[in-house]
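Undergrad: One structure is given below, represented as structure tokens, and several questions about it will come after.
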Amino acid sequence: MDKDVDLAKRAKIIEWLKTELVDQMAHLLKGIWEGSHHKIIDGLASLIACCYILGRRLGISLRALDEAVLDKMKKHREEGHQLEDWYGDISALEDHLRKR
């Protein structure tokens, strides 16, 4: 019986985190619309934190997620992504993650 309760609890948490992602995206977009620097930072921070926690609940370590982001940024940089070509955003994120 305890195993069934734990499974249901885990599923409920994952569903809640998915709704949190949507809610925080709405918060971010509203902050952008209003031009509120505070709401934009808060929304972005909440989205990032929620993604890390959701990944962890799905069995993905925080380190593995960081490595996946680094791999993705490396691939984008090597393929000449426009954000890298125009602004250097890809390498800036790579540098930031590597220095943590």
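Labels for the structure tokens follow display order: chains A, B, ..., residues from 1 in each chain, ligands from 1.
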Quick one: everything within 12 Å of Asp66 of chain A, counting only C-alpha atoms, minus sequence neighbours fewer than 4 positions away in the same chain. Send it as a PDB file with all heavy atoms, in the first residue's frame.
TA:
ATOM      1  N   ILE A  48      13.640  28.621 -14.186  1.00  0.00           N
ATOM      2  CA  ILE A  48      14.881  27.848 -14.117  1.00  0.00           C
ATOM      3  C   ILE A  48      14.840  26.887 -12.939  1.00  0.00           C
ATOM      4  O   ILE A  48      15.149  25.695 -13.078  1.00  0.00           O
ATOM      5  CB  ILE A  48      16.106  28.787 -14.047  1.00  0.00           C
ATOM      6  CG1 ILE A  48      16.258  29.535 -15.375  1.00  0.00           C
ATOM      7  CG2 ILE A  48      17.378  28.011 -13.692  1.00  0.00           C
ATOM      8  CD1 ILE A  48      17.211  30.717 -15.326  1.00  0.00           C
ATOM      9  N   CYS A  51      12.455  24.013 -13.588  1.00  0.00           N
ATOM     10  CA  CYS A  51      13.016  23.037 -14.531  1.00  0.00           C
ATOM     11  C   CYS A  51      14.003  22.105 -13.830  1.00  0.00           C
ATOM     12  O   CYS A  51      13.981  20.883 -14.053  1.00  0.00           O
ATOM     13  CB  CYS A  51      13.698  23.745 -15.694  1.00  0.00           C
ATOM     14  SG  CYS A  51      12.541  24.478 -16.863  1.00  0.00           S
ATOM     15  N   TYR A  52      14.859  22.654 -12.996  1.00  0.00           N
ATOM     16  CA  TYR A  52      15.809  21.825 -12.250  1.00  0.00           C
ATOM     17  C   TYR A  52      15.073  20.845 -11.337  1.00  0.00           C
ATOM     18  O   TYR A  52      15.391  19.658 -11.287  1.00  0.00           O
ATOM     19  CB  TYR A  52      16.748  22.686 -11.404  1.00  0.00           C
ATOM     20  CG  TYR A  52      17.970  23.161 -12.136  1.00  0.00           C
ATOM     21  CD1 TYR A  52      18.064  24.466 -12.593  1.00  0.00           C
ATOM     22  CD2 TYR A  52      19.050  22.315 -12.360  1.00  0.00           C
ATOM     23  CE1 TYR A  52      19.191  24.919 -13.257  1.00  0.00           C
ATOM     24  CE2 TYR A  52      20.185  22.748 -13.020  1.00  0.00           C
ATOM     25  CZ  TYR A  52      20.249  24.047 -13.468  1.00  0.00           C
ATOM     26  OH  TYR A  52      21.368  24.479 -14.121  1.00  0.00           O
ATOM     27  N   GLY A  55      13.255  18.156 -13.353  1.00  0.00           N
ATOM     28  CA  GLY A  55      14.242  17.187 -13.813  1.00  0.00           C
ATOM     29  C   GLY A  55      14.639  16.223 -12.709  1.00  0.00           C
ATOM     30  O   GLY A  55      14.704  15.003 -12.917  1.00  0.00           O
ATOM     31  N   ARG A  56      14.870  16.766 -11.531  1.00  0.00           N
ATOM     32  CA  ARG A  56      15.244  15.925 -10.388  1.00  0.00           C
ATOM     33  C   ARG A  56      14.135  14.940 -10.042  1.00  0.00           C
ATOM     34  O   ARG A  56      14.387  13.768  -9.771  1.00  0.00           O
ATOM     35  CB  ARG A  56      15.562  16.816  -9.190  1.00  0.00           C
ATOM     36  CG  ARG A  56      16.174  16.073  -8.037  1.00  0.00           C
ATOM     37  CD  ARG A  56      16.808  17.061  -7.062  1.00  0.00           C
ATOM     38  NE  ARG A  56      17.498  16.325  -6.031  1.00  0.00           N
ATOM     39  CZ  ARG A  56      17.048  16.206  -4.792  1.00  0.00           C
ATOM     40  NH1 ARG A  56      15.941  16.803  -4.416  1.00  0.00           N
ATOM     41  NH2 ARG A  56      17.727  15.509  -3.906  1.00  0.00           N
ATOM     42  N   ILE A  60      16.614  12.957 -13.104  1.00  0.00           N
ATOM     43  CA  ILE A  60      17.768  13.558 -13.776  1.00  0.00           C
ATOM     44  C   ILE A  60      18.523  14.387 -12.744  1.00  0.00           C
ATOM     45  O   ILE A  60      17.948  15.264 -12.091  1.00  0.00           O
ATOM     46  CB  ILE A  60      17.320  14.444 -14.949  1.00  0.00           C
ATOM     47  CG1 ILE A  60      16.562  13.591 -15.965  1.00  0.00           C
ATOM     48  CG2 ILE A  60      18.507  15.153 -15.590  1.00  0.00           C
ATOM     49  CD1 ILE A  60      15.770  14.385 -16.971  1.00  0.00           C
ATOM     50  N   SER A  61      19.813  14.121 -12.591  1.00  0.00           N
ATOM     51  CA  SER A  61      20.598  14.863 -11.607  1.00  0.00           C
ATOM     52  C   SER A  61      20.797  16.304 -12.073  1.00  0.00           C
ATOM     53  O   SER A  61      20.754  16.600 -13.278  1.00  0.00           O
ATOM     54  CB  SER A  61      21.956  14.202 -11.375  1.00  0.00           C
ATOM     55  OG  SER A  61      22.812  14.421 -12.475  1.00  0.00           O
ATOM     56  N   LEU A  62      21.017  17.183 -11.112  1.00  0.00           N
ATOM     57  CA  LEU A  62      21.261  18.588 -11.442  1.00  0.00           C
ATOM     58  C   LEU A  62      22.509  18.722 -12.312  1.00  0.00           C
ATOM     59  O   LEU A  62      22.531  19.498 -13.270  1.00  0.00           O
ATOM     60  CB  LEU A  62      21.403  19.403 -10.154  1.00  0.00           C
ATOM     61  CG  LEU A  62      20.220  19.341  -9.187  1.00  0.00           C
ATOM     62  CD1 LEU A  62      20.517  20.142  -7.923  1.00  0.00           C
ATOM     63  CD2 LEU A  62      18.950  19.824  -9.840  1.00  0.00           C
ATOM     64  N   LEU A  70      25.163  22.517 -21.337  1.00  0.00           N
ATOM     65  CA  LEU A  70      26.476  22.821 -21.916  1.00  0.00           C
ATOM     66  C   LEU A  70      26.653  22.150 -23.275  1.00  0.00           C
ATOM     67  O   LEU A  70      27.143  22.780 -24.218  1.00  0.00           O
ATOM     68  CB  LEU A  70      27.595  22.379 -20.966  1.00  0.00           C
ATOM     69  CG  LEU A  70      27.926  23.344 -19.845  1.00  0.00           C
ATOM     70  CD1 LEU A  70      28.836  22.678 -18.815  1.00  0.00           C
ATOM     71  CD2 LEU A  70      28.567  24.606 -20.388  1.00  0.00           C
ATOM     72  N   ASP A  71      26.250  20.894 -23.380  1.00  0.00           N
ATOM     73  CA  ASP A  71      26.350  20.185 -24.659  1.00  0.00           C
ATOM     74  C   ASP A  71      25.514  20.871 -25.736  1.00  0.00           C
ATOM     75  O   ASP A  71      25.944  21.026 -26.872  1.00  0.00           O
ATOM     76  CB  ASP A  71      25.899  18.726 -24.516  1.00  0.00           C
ATOM     77  CG  ASP A  71      26.878  17.878 -23.726  1.00  0.00           C
ATOM     78  OD1 ASP A  71      28.032  18.309 -23.523  1.00  0.00           O
ATOM     79  OD2 ASP A  71      26.474  16.767 -23.308  1.00  0.00           O
ATOM     80  N   LYS A  72      24.313  21.291 -25.362  1.00  0.00           N
ATOM     81  CA  LYS A  72      23.425  21.966 -26.306  1.00  0.00           C
ATOM     82  C   LYS A  72      24.036  23.299 -26.759  1.00  0.00           C
ATOM     83  O   LYS A  72      24.009  23.641 -27.945  1.00  0.00           O
ATOM     84  CB  LYS A  72      22.049  22.194 -25.680  1.00  0.00           C
ATOM     85  CG  LYS A  72      21.046  22.804 -26.658  1.00  0.00           C
ATOM     86  CD  LYS A  72      19.645  22.693 -26.159  1.00  0.00           C
ATOM     87  CE  LYS A  72      19.072  21.328 -26.255  1.00  0.00           C
ATOM     88  NZ  LYS A  72      18.886  20.771 -27.577  1.00  0.00           N
ATOM     89  N   MET A  73      24.616  24.048 -25.814  1.00  0.00           N
ATOM     90  CA  MET A  73      25.232  25.335 -26.161  1.00  0.00           C
ATOM     91  C   MET A  73      26.437  25.129 -27.077  1.00  0.00           C
ATOM     92  O   MET A  73      26.636  25.870 -28.038  1.00  0.00           O
ATOM     93  CB  MET A  73      25.650  26.099 -24.899  1.00  0.00           C
ATOM     94  CG  MET A  73      24.490  26.569 -24.029  1.00  0.00           C
ATOM     95  SD  MET A  73      23.263  27.577 -24.899  1.00  0.00           S
ATOM     96  CE  MET A  73      21.966  26.373 -25.198  1.00  0.00           C
ATOM     97  N   LEU A  93      26.773  31.998 -22.049  1.00  0.00           N
ATOM     98  CA  LEU A  93      26.122  31.018 -21.169  1.00  0.00           C
ATOM     99  C   LEU A  93      27.056  29.846 -20.883  1.00  0.00           C
ATOM    100  O   LEU A  93      27.152  29.398 -19.738  1.00  0.00           O
ATOM    101  CB  LEU A  93      24.810  30.521 -21.790  1.00  0.00           C
ATOM    102  CG  LEU A  93      24.051  29.464 -20.982  1.00  0.00           C
ATOM    103  CD1 LEU A  93      23.750  29.958 -19.562  1.00  0.00           C
ATOM    104  CD2 LEU A  93      22.755  29.091 -21.690  1.00  0.00           C
ATOM    105  N   GLU A  94      27.760  29.395 -21.890  1.00  0.00           N
ATOM    106  CA  GLU A  94      28.740  28.323 -21.680  1.00  0.00           C
ATOM    107  C   GLU A  94      29.777  28.718 -20.643  1.00  0.00           C
ATOM    108  O   GLU A  94      30.053  27.963 -19.708  1.00  0.00           O
ATOM    109  CB  GLU A  94      29.482  28.010 -22.987  1.00  0.00           C
ATOM    110  CG  GLU A  94      28.905  26.910 -23.809  1.00  0.00           C
ATOM    111  CD  GLU A  94      29.811  26.596 -24.991  1.00  0.00           C
ATOM    112  OE1 GLU A  94      30.007  27.479 -25.858  1.00  0.00           O
ATOM    113  OE2 GLU A  94      30.312  25.466 -25.047  1.00  0.00           O
ATOM    114  N   HIS A  96      29.529  30.997 -18.303  1.00  0.00           N
ATOM    115  CA  HIS A  96      28.881  31.118 -16.998  1.00  0.00           C
ATOM    116  C   HIS A  96      28.726  29.750 -16.329  1.00  0.00           C
ATOM    117  O   HIS A  96      29.050  29.580 -15.150  1.00  0.00           O
ATOM    118  CB  HIS A  96      27.509  31.787 -17.138  1.00  0.00           C
ATOM    119  CG  HIS A  96      26.707  31.750 -15.895  1.00  0.00           C
ATOM    120  ND1 HIS A  96      26.989  32.556 -14.821  1.00  0.00           N
ATOM    121  CD2 HIS A  96      25.641  30.988 -15.551  1.00  0.00           C
ATOM    122  CE1 HIS A  96      26.116  32.291 -13.850  1.00  0.00           C
ATOM    123  NE2 HIS A  96      25.297  31.338 -14.273  1.00  0.00           N
ATOM    124  N   LEU A  97      28.233  28.765 -17.083  1.00  0.00           N
ATOM    125  CA  LEU A  97      28.017  27.429 -16.519  1.00  0.00           C
ATOM    126  C   LEU A  97      29.331  26.749 -16.152  1.00  0.00           C
ATOM    127  O   LEU A  97      29.415  26.050 -15.145  1.00  0.00           O
ATOM    128  CB  LEU A  97      27.217  26.564 -17.488  1.00  0.00           C
ATOM    129  CG  LEU A  97      25.750  26.964 -17.656  1.00  0.00           C
ATOM    130  CD1 LEU A  97      25.104  26.146 -18.774  1.00  0.00           C
ATOM    131  CD2 LEU A  97      24.969  26.812 -16.363  1.00  0.00           C
ATOM    132  N   ARG A  98      30.350  26.952 -16.937  1.00  0.00           N
ATOM    133  CA  ARG A  98      31.650  26.317 -16.661  1.00  0.00           C
ATOM    134  C   ARG A  98      32.317  26.917 -15.421  1.00  0.00           C
ATOM    135  O   ARG A  98      33.062  26.236 -14.735  1.00  0.00           O
ATOM    136  CB  ARG A  98      32.574  26.428 -17.860  1.00  0.00           C
ATOM    137  CG  ARG A  98      32.153  25.561 -19.018  1.00  0.00           C
ATOM    138  CD  ARG A  98      33.207  25.511 -20.109  1.00  0.00           C
ATOM    139  NE  ARG A  98      32.695  24.944 -21.329  1.00  0.00           N
ATOM    140  CZ  ARG A  98      32.406  23.674 -21.530  1.00  0.00           C
ATOM    141  NH1 ARG A  98      32.590  22.813 -20.564  1.00  0.00           N
ATOM    142  NH2 ARG A  98      31.961  23.246 -22.683  1.00  0.00           N
ATOM    143  N   LYS A  99      32.049  28.178 -15.130  1.00  0.00           N
ATOM    144  CA  LYS A  99      32.682  28.840 -13.975  1.00  0.00           C
ATOM    145  C   LYS A  99      31.991  28.554 -12.657  1.00  0.00           C
ATOM    146  O   LYS A  99      32.497  28.895 -11.615  1.00  0.00           O
ATOM    147  CB  LYS A  99      32.727  30.354 -14.224  1.00  0.00           C
ATOM    148  CG  LYS A  99      33.704  30.738 -15.311  1.00  0.00           C
ATOM    149  CD  LYS A  99      33.685  32.229 -15.559  1.00  0.00           C
ATOM    150  CE  LYS A  99      34.616  32.565 -16.722  1.00  0.00           C
ATOM    151  NZ  LYS A  99      34.531  33.986 -17.059  1.00  0.00           N
ATOM    152  N   ARG A 100      30.817  27.914 -12.704  1.00  0.00           N
ATOM    153  CA  ARG A 100      30.097  27.629 -11.453  1.00  0.00           C
ATOM    154  C   ARG A 100      30.761  26.535 -10.679  1.00  0.00           C
ATOM    155  O   ARG A 100      31.375  25.678 -11.063  1.00  0.00           O
ATOM    156  CB  ARG A 100      28.652  27.220 -11.722  1.00  0.00           C
ATOM    157  CG  ARG A 100      27.844  28.343 -12.253  1.00  0.00           C
ATOM    158  CD  ARG A 100      26.408  28.173 -12.004  1.00  0.00           C
ATOM    159  NE  ARG A 100      25.787  27.206 -12.906  1.00  0.00           N
ATOM    160  CZ  ARG A 100      24.513  26.858 -12.801  1.00  0.00           C
ATOM    161  NH1 ARG A 100      23.789  27.339 -11.865  1.00  0.00           N
ATOM    162  NH2 ARG A 100      23.982  26.017 -13.629  1.00  0.00           N
TER     163      ARG A 100
END
Undergrad: With only C-alpha atoms as the counted atoms, please give the residues lying no more than 12 Å from Ile40 of chain A, apart from itself and same-chain residues fewer than 4 positions off, as a VMD selection string.
TA: chain A and resid 24 to 36 44 to 47
Undergrad: Keeping only N, CA, C and O atoms, write the selected residues to a file as an mmCIF file, in the first residue's frame.
TA:
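That gives us out18.cif:
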data_model
loop_
_atom_site.group_PDB
_atom_site.id
_atom_site.type_symbol
_atom_site.label_atom_id
_atom_site.label_comp_id
_atom_site.auth_asym_id
_atom_site.auth_seq_id
_atom_site.Cartn_x
_atom_site.Cartn_y
_atom_site.Cartn_z
ATOM 1 N N GLN A 24 4.511 30.143 -14.143
ATOM 2 C CA GLN A 24 5.680 31.019 -14.115
ATOM 3 C C GLN A 24 5.969 31.627 -15.486
ATOM 4 O O GLN A 24 6.448 32.755 -15.578
ATOM 5 N N MET A 25 5.660 30.893 -16.549
ATOM 6 C CA MET A 25 5.811 31.462 -17.892
ATOM 7 C C MET A 25 4.849 32.634 -18.058
ATOM 8 O O MET A 25 5.215 33.682 -18.598
ATOM 9 N N ALA A 26 3.619 32.460 -17.578
ATOM 10 C CA ALA A 26 2.642 33.553 -17.641
ATOM 11 C C ALA A 26 3.128 34.742 -16.828
ATOM 12 O O ALA A 26 3.010 35.900 -17.259
ATOM 13 N N HIS A 27 3.697 34.487 -15.663
ATOM 14 C CA HIS A 27 4.240 35.544 -14.806
ATOM 15 C C HIS A 27 5.356 36.299 -15.542
ATOM 16 O O HIS A 27 5.403 37.537 -15.523
ATOM 17 N N LEU A 28 6.239 35.548 -16.186
ATOM 18 C CA LEU A 28 7.334 36.152 -16.941
ATOM 19 C C LEU A 28 6.798 37.021 -18.082
ATOM 20 O O LEU A 28 7.223 38.165 -18.261
ATOM 21 N N LEU A 29 5.868 36.471 -18.858
ATOM 22 C CA LEU A 29 5.330 37.222 -19.995
ATOM 23 C C LEU A 29 4.603 38.484 -19.544
ATOM 24 O O LEU A 29 4.700 39.530 -20.199
ATOM 25 N N LYS A 30 3.920 38.399 -18.428
ATOM 26 C CA LYS A 30 3.256 39.584 -17.882
ATOM 27 C C LYS A 30 4.293 40.624 -17.454
ATOM 28 O O LYS A 30 4.129 41.818 -17.703
ATOM 29 N N GLY A 31 5.372 40.162 -16.851
ATOM 30 C CA GLY A 31 6.453 41.072 -16.467
ATOM 31 C C GLY A 31 7.083 41.760 -17.663
ATOM 32 O O GLY A 31 7.398 42.950 -17.623
ATOM 33 N N ILE A 32 7.256 41.012 -18.757
ATOM 34 C CA ILE A 32 7.802 41.601 -19.980
ATOM 35 C C ILE A 32 6.822 42.633 -20.532
ATOM 36 O O ILE A 32 7.221 43.740 -20.913
ATOM 37 N N TRP A 33 5.542 42.285 -20.563
ATOM 38 C CA TRP A 33 4.511 43.194 -21.055
ATOM 39 C C TRP A 33 4.504 44.490 -20.250
ATOM 40 O O TRP A 33 4.400 45.586 -20.804
ATOM 41 N N GLU A 34 4.617 44.359 -18.922
ATOM 42 C CA GLU A 34 4.589 45.529 -18.042
ATOM 43 C C GLU A 34 5.923 46.264 -18.010
ATOM 44 O O GLU A 34 5.993 47.390 -17.509
ATOM 45 N N GLY A 35 6.969 45.619 -18.500
ATOM 46 C CA GLY A 35 8.300 46.222 -18.432
ATOM 47 C C GLY A 35 8.846 46.221 -17.010
ATOM 48 O O GLY A 35 9.670 47.060 -16.660
ATOM 49 N N SER A 36 8.408 45.266 -16.200
ATOM 50 C CA SER A 36 8.837 45.186 -14.807
ATOM 51 C C SER A 36 10.087 44.318 -14.688
ATOM 52 O O SER A 36 10.027 43.092 -14.810
ATOM 53 N N LEU A 44 11.926 34.461 -14.609
ATOM 54 C CA LEU A 44 13.016 33.652 -15.157
ATOM 55 C C LEU A 44 13.618 32.744 -14.087
ATOM 56 O O LEU A 44 13.853 31.551 -14.331
ATOM 57 N N ALA A 45 13.853 33.296 -12.904
ATOM 58 C CA ALA A 45 14.419 32.498 -11.809
ATOM 59 C C ALA A 45 13.489 31.351 -11.437
ATOM 60 O O ALA A 45 13.937 30.215 -11.218
ATOM 61 N N SER A 46 12.206 31.627 -11.385
ATOM 62 C CA SER A 46 11.233 30.589 -11.038
ATOM 63 C C SER A 46 11.183 29.497 -12.102
ATOM 64 O O SER A 46 11.103 28.310 -11.781
ATOM 65 N N LEU A 47 11.250 29.891 -13.371
ATOM 66 C CA LEU A 47 11.256 28.905 -14.458
ATOM 67 C C LEU A 47 12.491 28.007 -14.389
ATOM 68 O O LEU A 47 12.389 26.785 -14.512
#
Undergrad: Please, what distance in Å, to one decimal, runs between atom CA of Tyr87 of chain A and atom CA of Lys75 of chain A?
TA: 16.4 Å
Undergrad: Of the candidates A:Ala68, A:Ile41, A:Ala11, A:Cys50, which one gets nearest to Asp23 of chain A if we count only C-alpha atoms?
TA: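 So, comparing all the options, the nearest one is A:Cys50.
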Undergrad: Interatomic distance between atom CA of Leu58 of chain A and atom CA of His76 of chain A?
TA: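 The value is 25.5 Å.
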